[in-house]
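Okay, protein-v2.cif now, which holds mmCIF, C-alpha atoms:
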data_entry
loop_
_atom_site.label_atom_id
_atom_site.label_comp_id
_atom_site.auth_asym_id
_atom_site.auth_seq_id
_atom_site.Cartn_x
_atom_site.Cartn_y
_atom_site.Cartn_z
CA MET A 1 -17.69 7.29 -18.72
CA ARG A 2 -14.64 9.44 -19.30
CA ILE A 3 -12.78 9.44 -15.98
CA ALA A 4 -10.26 12.03 -14.84
CA TYR A 5 -8.15 10.18 -12.27
CA VAL A 6 -6.10 12.48 -10.04
CA ILE A 7 -3.63 11.39 -7.36
CA ASN A 8 -1.23 13.26 -5.06
CA THR A 9 2.01 12.04 -6.69
CA PHE A 10 3.50 9.43 -9.00
CA GLU A 11 5.71 8.11 -6.23
CA GLY A 12 6.70 4.48 -6.66
CA GLY A 13 4.63 2.03 -4.64
CA GLY A 14 1.60 2.84 -2.53
CA ALA A 15 -1.55 4.23 -4.10
CA ALA A 16 0.03 4.81 -7.52
CA LEU A 17 1.11 1.18 -7.92
CA PRO A 18 -2.31 -0.32 -8.78
CA ILE A 19 -3.40 2.40 -11.25
CA PRO A 20 -2.60 0.29 -14.36
CA ASP A 21 -4.73 -2.59 -13.00
CA ILE A 22 -7.56 -0.18 -12.13
CA VAL A 23 -7.44 1.34 -15.61
CA GLU A 24 -7.54 -2.14 -17.15
CA VAL A 25 -10.84 -2.83 -15.36
CA CYS A 26 -12.21 0.55 -16.44
CA ARG A 27 -11.37 -0.15 -20.06
CA ALA A 28 -12.81 -3.66 -19.90
CA ASN A 29 -16.08 -2.05 -18.81
CA GLY A 30 -16.04 0.39 -21.74
CA HIS A 31 -14.71 3.50 -19.97
CA SER A 32 -11.70 5.73 -20.70
CA VAL A 33 -9.28 7.15 -18.14
CA ASP A 34 -6.89 10.10 -18.09
CA VAL A 35 -4.42 10.19 -15.20
CA ALA A 36 -2.73 13.16 -13.53
CA ALA A 37 -0.73 13.77 -10.37
CA LEU A 38 -0.58 17.04 -8.49
CA SER A 39 3.23 16.66 -8.31
CA PRO A 40 5.75 14.01 -9.35
CA ARG A 41 7.62 13.15 -6.10
CA ASN A 42 10.11 10.54 -7.37
CA GLY A 43 8.01 9.68 -10.46
CA ARG A 44 8.81 5.98 -10.23
CA ALA A 45 5.23 4.96 -11.02
CA MET A 46 5.24 6.70 -14.40
CA PRO A 47 7.00 3.99 -16.48
CA ALA A 48 4.38 1.42 -15.47
CA LEU A 49 1.61 3.86 -16.42
CA ARG A 50 3.15 4.41 -19.84
CA LYS A 51 3.56 0.68 -20.30
CA ALA A 52 -0.19 0.37 -19.66
CA GLY A 53 -0.85 2.80 -22.54
CA LEU A 54 -1.42 5.87 -20.39
CA GLU A 55 0.25 9.24 -20.66
CA PRO A 56 0.55 10.44 -17.06
CA VAL A 57 0.36 14.19 -16.59
CA VAL A 58 2.21 16.06 -13.84
CA LEU A 59 0.36 19.25 -12.96
CA ALA A 60 2.87 21.07 -10.73
CA GLU A 61 6.09 20.73 -8.77
CA ASP A 62 6.50 19.17 -5.35
CA THR A 63 7.13 22.64 -3.92
CA SER A 64 4.12 24.28 -5.61
CA SER A 65 1.43 25.87 -3.49
CA PRO A 66 -2.00 24.24 -3.11
CA ALA A 67 -3.46 27.27 -4.90
CA LEU A 68 -1.31 26.65 -7.97
CA MET A 69 -2.11 22.92 -7.89
CA LEU A 70 -5.84 23.76 -7.76
CA HIS A 71 -5.49 26.13 -10.71
CA ARG A 72 -3.59 23.55 -12.78
CA LEU A 73 -6.03 20.78 -11.87
CA ASP A 74 -9.00 22.93 -12.82
CA ALA A 75 -7.43 23.68 -16.22
CA TRP A 76 -6.54 20.02 -16.85
CA VAL A 77 -10.07 18.84 -16.03
CA ARG A 78 -11.53 21.45 -18.39
CA LYS A 79 -9.20 20.15 -21.11
CA VAL A 80 -10.05 16.47 -20.50
CA GLN A 81 -13.81 17.15 -20.18
CA PRO A 82 -14.56 14.09 -18.04
CA THR A 83 -17.92 12.81 -16.97
CA HIS A 84 -16.45 11.87 -13.56
CA ILE A 85 -13.50 12.86 -11.38
CA TRP A 86 -11.86 10.06 -9.38
CA THR A 87 -9.48 11.18 -6.64
CA SER A 88 -6.83 9.32 -4.66
CA LEU A 89 -5.26 10.48 -1.36
CA THR A 90 -6.22 13.49 0.73
CA ARG A 91 -4.80 16.50 -1.11
CA ALA A 92 -5.99 15.26 -4.51
CA THR A 93 -9.39 14.52 -3.01
CA LEU A 94 -9.85 17.97 -1.45
CA LEU A 95 -8.72 19.80 -4.60
CA GLY A 96 -10.68 17.43 -6.84
CA GLN A 97 -13.80 18.07 -4.81
CA LEU A 98 -13.41 21.82 -5.34
CA VAL A 99 -12.93 21.37 -9.09
CA GLY A 100 -15.91 19.02 -9.28
CA LEU A 101 -18.07 21.57 -7.45
CA ARG A 102 -16.89 24.38 -9.73
CA GLN A 103 -17.42 22.44 -12.96
CA GLY A 104 -20.49 20.42 -11.96
CA ILE A 105 -18.79 17.01 -12.26
CA PRO A 106 -19.52 14.14 -9.83
CA VAL A 107 -16.53 13.12 -7.70
CA VAL A 108 -15.64 9.63 -6.45
CA SER A 109 -12.83 9.30 -3.93
CA TRP A 110 -10.46 6.51 -2.95
CA GLN A 111 -9.48 6.08 0.66
CA HIS A 112 -6.15 4.31 1.22
CA ASN A 113 -5.03 5.58 4.59
CA ALA A 114 -5.87 3.76 7.77
CA PHE A 115 -4.58 6.76 9.74
CA LEU A 116 -4.99 10.44 8.89
CA LYS A 117 -3.48 13.58 10.34
CA PRO A 118 -6.08 15.35 12.51
CA ALA A 119 -6.23 18.34 10.15
CA ASN A 120 -6.76 16.11 7.10
CA LEU A 121 -9.46 14.13 8.88
CA ALA A 122 -11.26 17.35 9.85
CA LEU A 123 -11.14 18.60 6.26
CA LEU A 124 -12.38 15.31 4.83
CA ARG A 125 -15.27 15.25 7.31
CA LEU A 126 -16.14 18.82 6.32
CA MET A 127 -16.02 17.95 2.59
CA ARG A 128 -17.42 14.42 2.77
CA ASN A 129 -20.59 15.25 0.84
CA ARG A 130 -18.59 16.70 -2.06
CA SER A 131 -17.67 13.13 -3.03
CA ARG A 132 -20.71 11.21 -4.14
CA LEU A 133 -19.09 7.84 -3.48
CA TRP A 134 -16.15 6.75 -1.31
CA VAL A 135 -14.15 3.64 -2.18
CA GLY A 136 -11.97 1.87 0.39
CA ASP A 137 -8.93 -0.02 -0.87
CA SER A 138 -9.62 -2.90 1.53
CA GLY A 139 -12.37 -4.16 3.78
CA TYR A 140 -10.54 -2.67 6.75
CA VAL A 141 -10.21 0.83 5.26
CA THR A 142 -13.77 0.78 3.89
CA GLU A 143 -15.30 0.25 7.31
CA LEU A 144 -12.90 2.73 8.88
CA THR A 145 -13.86 5.33 6.26
CA ARG A 146 -17.56 4.83 6.92
CA GLN A 147 -17.05 5.29 10.64
CA ARG A 148 -14.63 8.18 10.73
CA LEU A 149 -16.37 10.26 8.04
CA GLY A 150 -19.83 9.45 9.38
CA LEU A 151 -21.08 8.11 6.05
CA PRO A 152 -24.14 5.95 5.41
CA ALA A 153 -23.34 2.45 4.13
CA GLU A 154 -24.70 3.20 0.65
CA ARG A 155 -22.06 5.92 0.14
CA VAL A 156 -19.13 3.55 0.70
CA MET A 157 -17.86 0.62 -1.36
CA SER A 158 -14.82 -1.64 -1.20
CA TRP A 159 -12.41 -2.44 -4.00
CA PRO A 160 -9.26 -4.17 -2.70
CA ILE A 161 -6.40 -2.80 -4.76
CA PHE A 162 -4.43 -6.02 -5.05
CA ARG A 163 -4.80 -8.93 -7.40
CA ILE A 164 -2.49 -11.90 -7.51
CA ASP A 165 -0.50 -13.04 -10.48
CA PRO A 166 -1.22 -16.78 -10.45
CA ASP A 167 1.60 -17.43 -12.92
CA LEU A 168 4.39 -16.22 -10.64
CA ALA A 169 6.62 -19.03 -9.39
CA PRO A 170 6.84 -18.97 -5.58
CA ALA A 171 9.97 -18.52 -3.52
CA ALA A 172 12.13 -21.59 -2.96
CA PRO A 173 11.81 -23.21 0.49
CA TRP A 174 14.55 -22.90 3.09
CA ARG A 175 17.01 -25.79 3.07
CA PRO A 176 19.12 -26.98 6.01
CA GLY A 177 22.42 -25.17 6.09
CA GLU A 178 21.08 -22.05 4.33
CA VAL A 179 21.02 -18.59 5.85
CA VAL A 180 17.41 -17.65 6.62
CA GLN A 181 16.64 -14.70 4.37
CA ILE A 182 14.22 -12.15 5.82
CA GLY A 183 12.94 -9.43 3.51
CA SER A 184 10.77 -6.34 3.64
CA LEU A 185 9.62 -3.79 1.07
CA GLY A 186 8.57 -0.26 1.89
CA ARG A 187 9.39 3.42 2.10
CA LEU A 188 12.10 4.27 4.59
CA ASP A 189 9.61 6.21 6.66
CA PRO A 190 8.66 6.07 10.37
CA SER A 191 5.27 4.59 9.47
CA LYS A 192 6.96 1.39 8.27
CA GLY A 193 8.53 0.66 11.66
CA TYR A 194 11.99 -0.38 10.53
CA ASP A 195 13.48 1.18 13.64
CA VAL A 196 11.29 -1.21 15.64
CA LEU A 197 12.59 -4.14 13.60
CA PHE A 198 16.19 -3.14 14.21
CA ARG A 199 15.64 -2.86 17.96
CA ALA A 200 14.13 -6.35 17.83
CA LEU A 201 17.27 -7.59 16.09
CA LEU A 202 19.34 -6.11 18.91
CA ALA A 203 17.26 -8.09 21.39
CA LEU A 204 17.99 -11.28 19.43
CA ARG A 205 21.73 -10.75 19.34
CA ASP A 206 22.44 -12.65 22.56
CA VAL A 207 19.85 -15.40 22.03
CA PRO A 208 21.72 -18.72 21.66
CA GLY A 209 21.00 -21.43 19.13
CA LEU A 210 19.48 -19.34 16.33
CA PRO A 211 20.40 -20.24 12.74
CA PRO A 212 22.28 -17.61 10.73
CA TYR A 213 19.94 -15.08 9.17
CA SER A 214 20.04 -11.84 7.18
CA VAL A 215 17.58 -8.99 6.71
CA THR A 216 17.21 -7.08 3.44
CA ILE A 217 15.13 -3.90 3.21
CA GLY A 218 13.98 -2.85 -0.26
CA GLY A 219 13.01 0.79 -0.43
CA GLU A 220 14.17 4.37 -0.25
CA GLY A 221 13.15 7.43 1.71
CA ALA A 222 14.04 10.19 4.10
CA GLU A 223 14.88 7.79 6.93
CA HIS A 224 17.65 5.99 5.05
CA ALA A 225 20.60 7.77 6.65
CA ARG A 226 19.17 7.52 10.16
CA LEU A 227 18.31 3.82 9.85
CA GLN A 228 21.62 2.93 8.25
CA GLY A 229 23.45 4.89 10.92
CA PHE A 230 21.61 2.98 13.65
CA CYS A 231 22.66 -0.35 12.14
CA GLN A 232 26.27 0.76 11.82
CA ARG A 233 26.47 2.08 15.39
CA HIS A 234 25.02 -1.11 16.84
CA GLY A 235 26.85 -3.57 14.63
CA LEU A 236 23.79 -4.98 12.87
CA ASP A 237 25.90 -6.39 10.05
CA GLN A 238 23.17 -8.79 8.95
CA VAL A 239 21.03 -5.86 7.69
CA ARG A 240 21.32 -4.75 4.06
CA PHE A 241 19.60 -1.81 2.37
CA ALA A 242 18.79 -2.74 -1.25
CA GLY A 243 17.38 0.62 -2.39
CA TYR A 244 14.30 0.95 -4.56
CA VAL A 245 13.20 -2.41 -5.97
CA GLU A 246 11.75 -2.48 -9.49
CA ASP A 247 11.21 -6.25 -9.66
CA THR A 248 9.44 -7.09 -6.42
CA ALA A 249 8.83 -10.70 -7.45
CA ALA A 250 12.56 -11.32 -7.92
CA PHE A 251 13.29 -9.69 -4.56
CA LEU A 252 10.70 -11.79 -2.74
CA ARG A 253 11.79 -14.98 -4.49
CA GLY A 254 15.09 -14.66 -2.65
CA CYS A 255 13.41 -14.61 0.78
CA HIS A 256 12.20 -17.25 3.23
CA LEU A 257 10.25 -14.92 5.55
CA TYR A 258 8.67 -11.51 5.06
CA ALA A 259 8.52 -8.89 7.84
CA GLN A 260 6.20 -5.88 7.92
CA PRO A 261 6.66 -4.11 11.30
CA SER A 262 4.55 -1.07 10.34
CA ARG A 263 3.12 1.41 12.78
CA GLN A 264 0.24 2.01 10.37
CA GLU A 265 -1.03 0.55 7.10
CA GLY A 266 -4.08 0.45 4.89
CA PHE A 267 -4.02 -2.52 2.55
CA CYS A 268 -0.23 -3.04 2.50
CA ILE A 269 0.29 -4.36 -1.01
CA ALA A 270 3.85 -5.52 -0.32
CA ALA A 271 2.82 -7.93 2.43
CA HIS A 272 0.20 -9.47 0.15
CA GLU A 273 2.69 -9.70 -2.69
CA ALA A 274 4.91 -11.67 -0.31
CA MET A 275 2.03 -14.02 0.48
CA ASN A 276 1.46 -14.54 -3.23
CA MET A 277 5.13 -15.54 -3.51
CA GLY A 278 4.60 -18.23 -0.87
CA LEU A 279 6.17 -16.42 2.08
CA PRO A 280 4.84 -16.35 5.62
CA VAL A 281 4.40 -12.80 6.89
CA LEU A 282 5.34 -11.46 10.29
CA GLY A 283 3.18 -8.34 10.30
CA SER A 284 1.85 -5.72 12.67
CA THR A 285 -1.78 -5.79 13.72
CA VAL A 286 -2.64 -2.81 11.52
CA GLY A 287 -4.74 -2.47 8.38
CA GLU A 288 -5.75 -5.42 6.24
CA MET A 289 -2.93 -7.55 7.66
CA THR A 290 -5.07 -8.07 10.76
CA HIS A 291 -7.43 -10.10 8.55
CA SER A 292 -5.03 -11.62 6.03
CA ILE A 293 -2.52 -13.21 8.40
CA THR A 294 -3.64 -16.24 10.39
CA GLU A 295 -1.50 -16.56 13.51
CA GLY A 296 0.74 -19.61 13.39
CA VAL A 297 -0.76 -20.76 10.08
CA SER A 298 0.29 -18.23 7.41
CA GLY A 299 2.43 -15.99 9.59
CA TRP A 300 2.53 -14.16 12.88
CA HIS A 301 0.95 -11.02 14.29
CA VAL A 302 2.70 -8.53 16.52
CA ARG A 303 1.42 -5.30 18.00
CA PRO A 304 3.10 -2.22 16.48
CA ARG A 305 5.82 -0.29 18.32
CA ARG A 306 6.80 -3.28 20.46
CA PRO A 307 10.33 -4.42 19.56
CA HIS A 308 10.51 -7.07 22.30
CA GLU A 309 7.27 -8.70 21.10
CA LEU A 310 8.62 -8.61 17.56
CA ALA A 311 11.85 -10.23 18.77
CA VAL A 312 9.85 -13.07 20.38
CA LYS A 313 7.99 -13.78 17.14
CA LEU A 314 11.19 -13.58 15.09
CA GLU A 315 12.79 -16.08 17.44
CA GLN A 316 9.81 -18.44 16.99
CA ALA A 317 10.20 -18.24 13.22
CA LEU A 318 13.96 -18.69 13.26
CA ARG A 319 13.92 -21.66 15.62
CA GLN A 320 11.79 -23.65 13.17
CA PRO A 321 12.83 -22.52 9.69
CA GLU A 322 11.52 -25.78 8.22
CA ARG A 323 7.99 -24.49 8.98
CA LEU A 324 8.38 -21.37 6.87
CA ALA A 325 7.64 -22.98 3.49
CA PRO A 326 4.41 -24.77 4.60
CA MET A 327 3.21 -21.55 6.23
CA GLY A 328 4.04 -19.69 3.03
CA GLN A 329 1.92 -22.15 1.08
CA ALA A 330 -1.01 -21.35 3.39
CA ALA A 331 -0.42 -17.64 2.80
CA ARG A 332 -0.39 -18.17 -0.98
CA ALA A 333 -3.63 -20.15 -0.79
CA TYR A 334 -5.30 -17.32 1.16
CA VAL A 335 -4.50 -14.58 -1.35
CA ALA A 336 -5.41 -16.87 -4.25
CA GLN A 337 -8.86 -17.28 -2.74
CA HIS A 338 -9.48 -13.67 -1.77
CA PHE A 339 -7.58 -11.59 -4.33
CA SER A 340 -7.88 -13.44 -7.62
CA PRO A 341 -8.05 -11.53 -10.94
CA ALA A 342 -11.73 -12.50 -11.16
CA ALA A 343 -12.46 -11.04 -7.71
CA PHE A 344 -10.58 -7.86 -8.61
CA MET A 345 -12.61 -7.48 -11.81
CA GLN A 346 -15.89 -8.18 -10.03
CA ALA A 347 -15.30 -5.62 -7.27
CA GLY A 348 -14.11 -2.97 -9.72
CA SER A 349 -17.01 -3.50 -12.09
CA ALA A 350 -19.46 -3.05 -9.22
CA VAL A 351 -17.84 0.28 -8.29
CA LEU A 352 -17.94 1.45 -11.91
CA ARG A 353 -21.64 0.61 -12.20
CA ARG A 354 -22.31 2.78 -9.15
CA MET A 355 -20.18 5.55 -10.62
CA ALA A 356 -22.08 5.47 -13.91
CA ALA A 357 -25.35 5.80 -12.04
CA LEU A 358 -24.16 9.07 -10.47
CA ALA A 359 -24.37 10.88 -13.80
#
How does this structure look as structure tokens?
Amino acid sequence: MRIAYVINTFEGGGAALPIPDIVEVCRANGHSVDVAALSPRNGRAMPALRKAGLEPVVLAEDTSSPALMLHRLDAWVRKVQPTHIWTSLTRATLLGQLVGLRQGIPVVSWQHNAFLKPANLALLRLMRNRSRLWVGDSGYVTELTRQRLGLPAERVMSWPIFRIDPDLAPAAPWRPGEVVQIGSLGRLDPSKGYDVLFRALLALRDVPGLPPYSVTIGGEGAEHARLQGFCQRHGLDQVRFAGYVEDTAAFLRGCHLYAQPSRQEGFCIAAHEAMNMGLPVLGSTVGEMTHSITEGVSGWHVRPRRPHELAVKLEQALRQPERLAPMGQAARAYVAQHFSPAAFMQAGSAVLRRMAALA
């Protein structure tokens, strides 16, 4: 197969992050891939794509109209002459479906989002038959996609978009006398729930007997000024904003506990990266984290949008920091079992076999 892979943007993190690993599986199965984004956004995913031997193409600007993006995508697909179009995220999927219909090319579509805007969901339901196969990026999203789009089971497959690096050294355990380092990685966006985390920290301020701790947020986004302003107004001096993090392993290696207070998630790669680094995860009951985290064994669950519940779980973790390393070992064992390179290759190869059959 010659695959034209189109995604909304080359924004760092999220759905663009695993493209090099996906392409590696495609190539190992004898297929070629060309990659394009409708617009660049911050373009932080592009260096990793080039490092993987790809030449990512940006079709339009962030401010371009959907009509112009459709025109540019149609021209790019005609130039690439693929046997299949593979789309990622809603806008790329809807435009890719139109191009596939126009040019007579079968379309396969990723689903990454656990939650969709009502208008996007309505459009995807309307266009669901224009994609011959739908691929969920986790077990959770796969089942959700089948239900919300009303698809038969044979039209949906799962390919979890995370594979561990077994050679990465884990984070060092907390030692008595150390500040407990809490970390989180994600866009500074309401969906990530950092405002909920900060309100939980306010609730902990008057709790006696807690060890000293700090919170570092790695990421950038439109909410930065608002979140930083909240911390400054309320005297949350233990919070630090680290900006965009290129080396996530180095960031996580400096942590003892990982927090993911998201309002919504699909797979949540960052939380699983933290587990691979031997960190327990305090995560919301959204997306794949509902399955990956075992309460009290590899981390803690908390319902989203509930700062007081989050504060209670943070207090539990901070009162017994000596438990964090053993729980992190359990988290690392879980991802090693479920998201090994072999499992990633096996799931991807199965999807590619189904794709090839569509021709």
- Task: List, as a ChimeraX atom specification, every residue that the PyMOL selection byres ((chain A and resi 356) around 12) selects in the file provided.
- Result: /A:1-3,26,29-31,83-85,106-108,132-133,349-355,357-359
Output file for the residues above (C-alpha atoms, as a PDB file, keeping the file's coordinate frame):
ATOM      1  CA  MET A   1     -17.690   7.290 -18.720  1.00  0.00           C
ATOM      2  CA  ARG A   2     -14.640   9.440 -19.300  1.00  0.00           C
ATOM      3  CA  ILE A   3     -12.780   9.440 -15.980  1.00  0.00           C
ATOM      4  CA  CYS A  26     -12.210   0.550 -16.440  1.00  0.00           C
ATOM      5  CA  ASN A  29     -16.080  -2.050 -18.810  1.00  0.00           C
ATOM      6  CA  GLY A  30     -16.040   0.390 -21.740  1.00  0.00           C
ATOM      7  CA  HIS A  31     -14.710   3.500 -19.970  1.00  0.00           C
ATOM      8  CA  THR A  83     -17.920  12.810 -16.970  1.00  0.00           C
ATOM      9  CA  HIS A  84     -16.450  11.870 -13.560  1.00  0.00           C
ATOM     10  CA  ILE A  85     -13.500  12.860 -11.380  1.00  0.00           C
ATOM     11  CA  PRO A 106     -19.520  14.140  -9.830  1.00  0.00           C
ATOM     12  CA  VAL A 107     -16.530  13.120  -7.700  1.00  0.00           C
ATOM     13  CA  VAL A 108     -15.640   9.630  -6.450  1.00  0.00           C
ATOM     14  CA  ARG A 132     -20.710  11.210  -4.140  1.00  0.00           C
ATOM     15  CA  LEU A 133     -19.090   7.840  -3.480  1.00  0.00           C
ATOM     16  CA  SER A 349     -17.010  -3.500 -12.090  1.00  0.00           C
ATOM     17  CA  ALA A 350     -19.460  -3.050  -9.220  1.00  0.00           C
ATOM     18  CA  VAL A 351     -17.840   0.280  -8.290  1.00  0.00           C
ATOM     19  CA  LEU A 352     -17.940   1.450 -11.910  1.00  0.00           C
ATOM     20  CA  ARG A 353     -21.640   0.610 -12.200  1.00  0.00           C
ATOM     21  CA  ARG A 354     -22.310   2.780  -9.150  1.00  0.00           C
ATOM     22  CA  MET A 355     -20.180   5.550 -10.620  1.00  0.00           C
ATOM     23  CA  ALA A 357     -25.350   5.800 -12.040  1.00  0.00           C
ATOM     24  CA  LEU A 358     -24.160   9.070 -10.470  1.00  0.00           C
ATOM     25  CA  ALA A 359     -24.370  10.880 -13.800  1.00  0.00           C
TER      26      ALA A 359
END
- Select, counting only C-alpha atoms, all protein, DNA and RNA residues no farther than 12 Å from (24.0, -18.6, 12.1) in file coordinates, and express the selection as a ChimeraX atom specification. /A:176-181,204-205,207-214,238,318-319
- Message: Once the PyMOL selection byres ((chain A and resi 93) around 12) is applied to the coordinates I shared, what remains selected? I want it as a ChimeraX atom specification.
- Response: /A:5-8,37-38,70,73,85-92,94-100,107-112,120-121,123-125,127-135
- Item | For Leu202 in chain A: contacts at 10 Å, only C-alpha atoms, fewer than 5 positions along chain excluded, given as JSON, numbers by chain | {"A": [196, 197, 207, 231, 234, 235, 236, 307, 308, 311]}
- Which residue of A:Ser191, A:Ser32, A:Ser262, A:Gln320 approaches Leu54 in chain A most closely, using all atoms listed in the file: A:Ser32
- Judged by all atoms listed in the file, the minimum distance to Pro280 in chain A among A:Thr248, A:Gln329, A:Ser65, A:Ser184 is found for A:Gln329
- Can you give me, as a VMD selection string, the residues this file yields under the PyMOL selection byres ((chain A and resi 62) around 7)? chain A and resid 39 to 41 60 to 61 63 to 64
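In this structure, CA of Arg175 in chain A sits 14.2 Å away from CA of Arg253 in chain A.
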- Message: Is it possible to get the residues within 7 Å of (6.9, -2.0, -14.2) (coordinates as in the file, counting all atoms listed in the file) written as an MDAnalysis selection string?
- Response: chainID A and resid 47:48 246
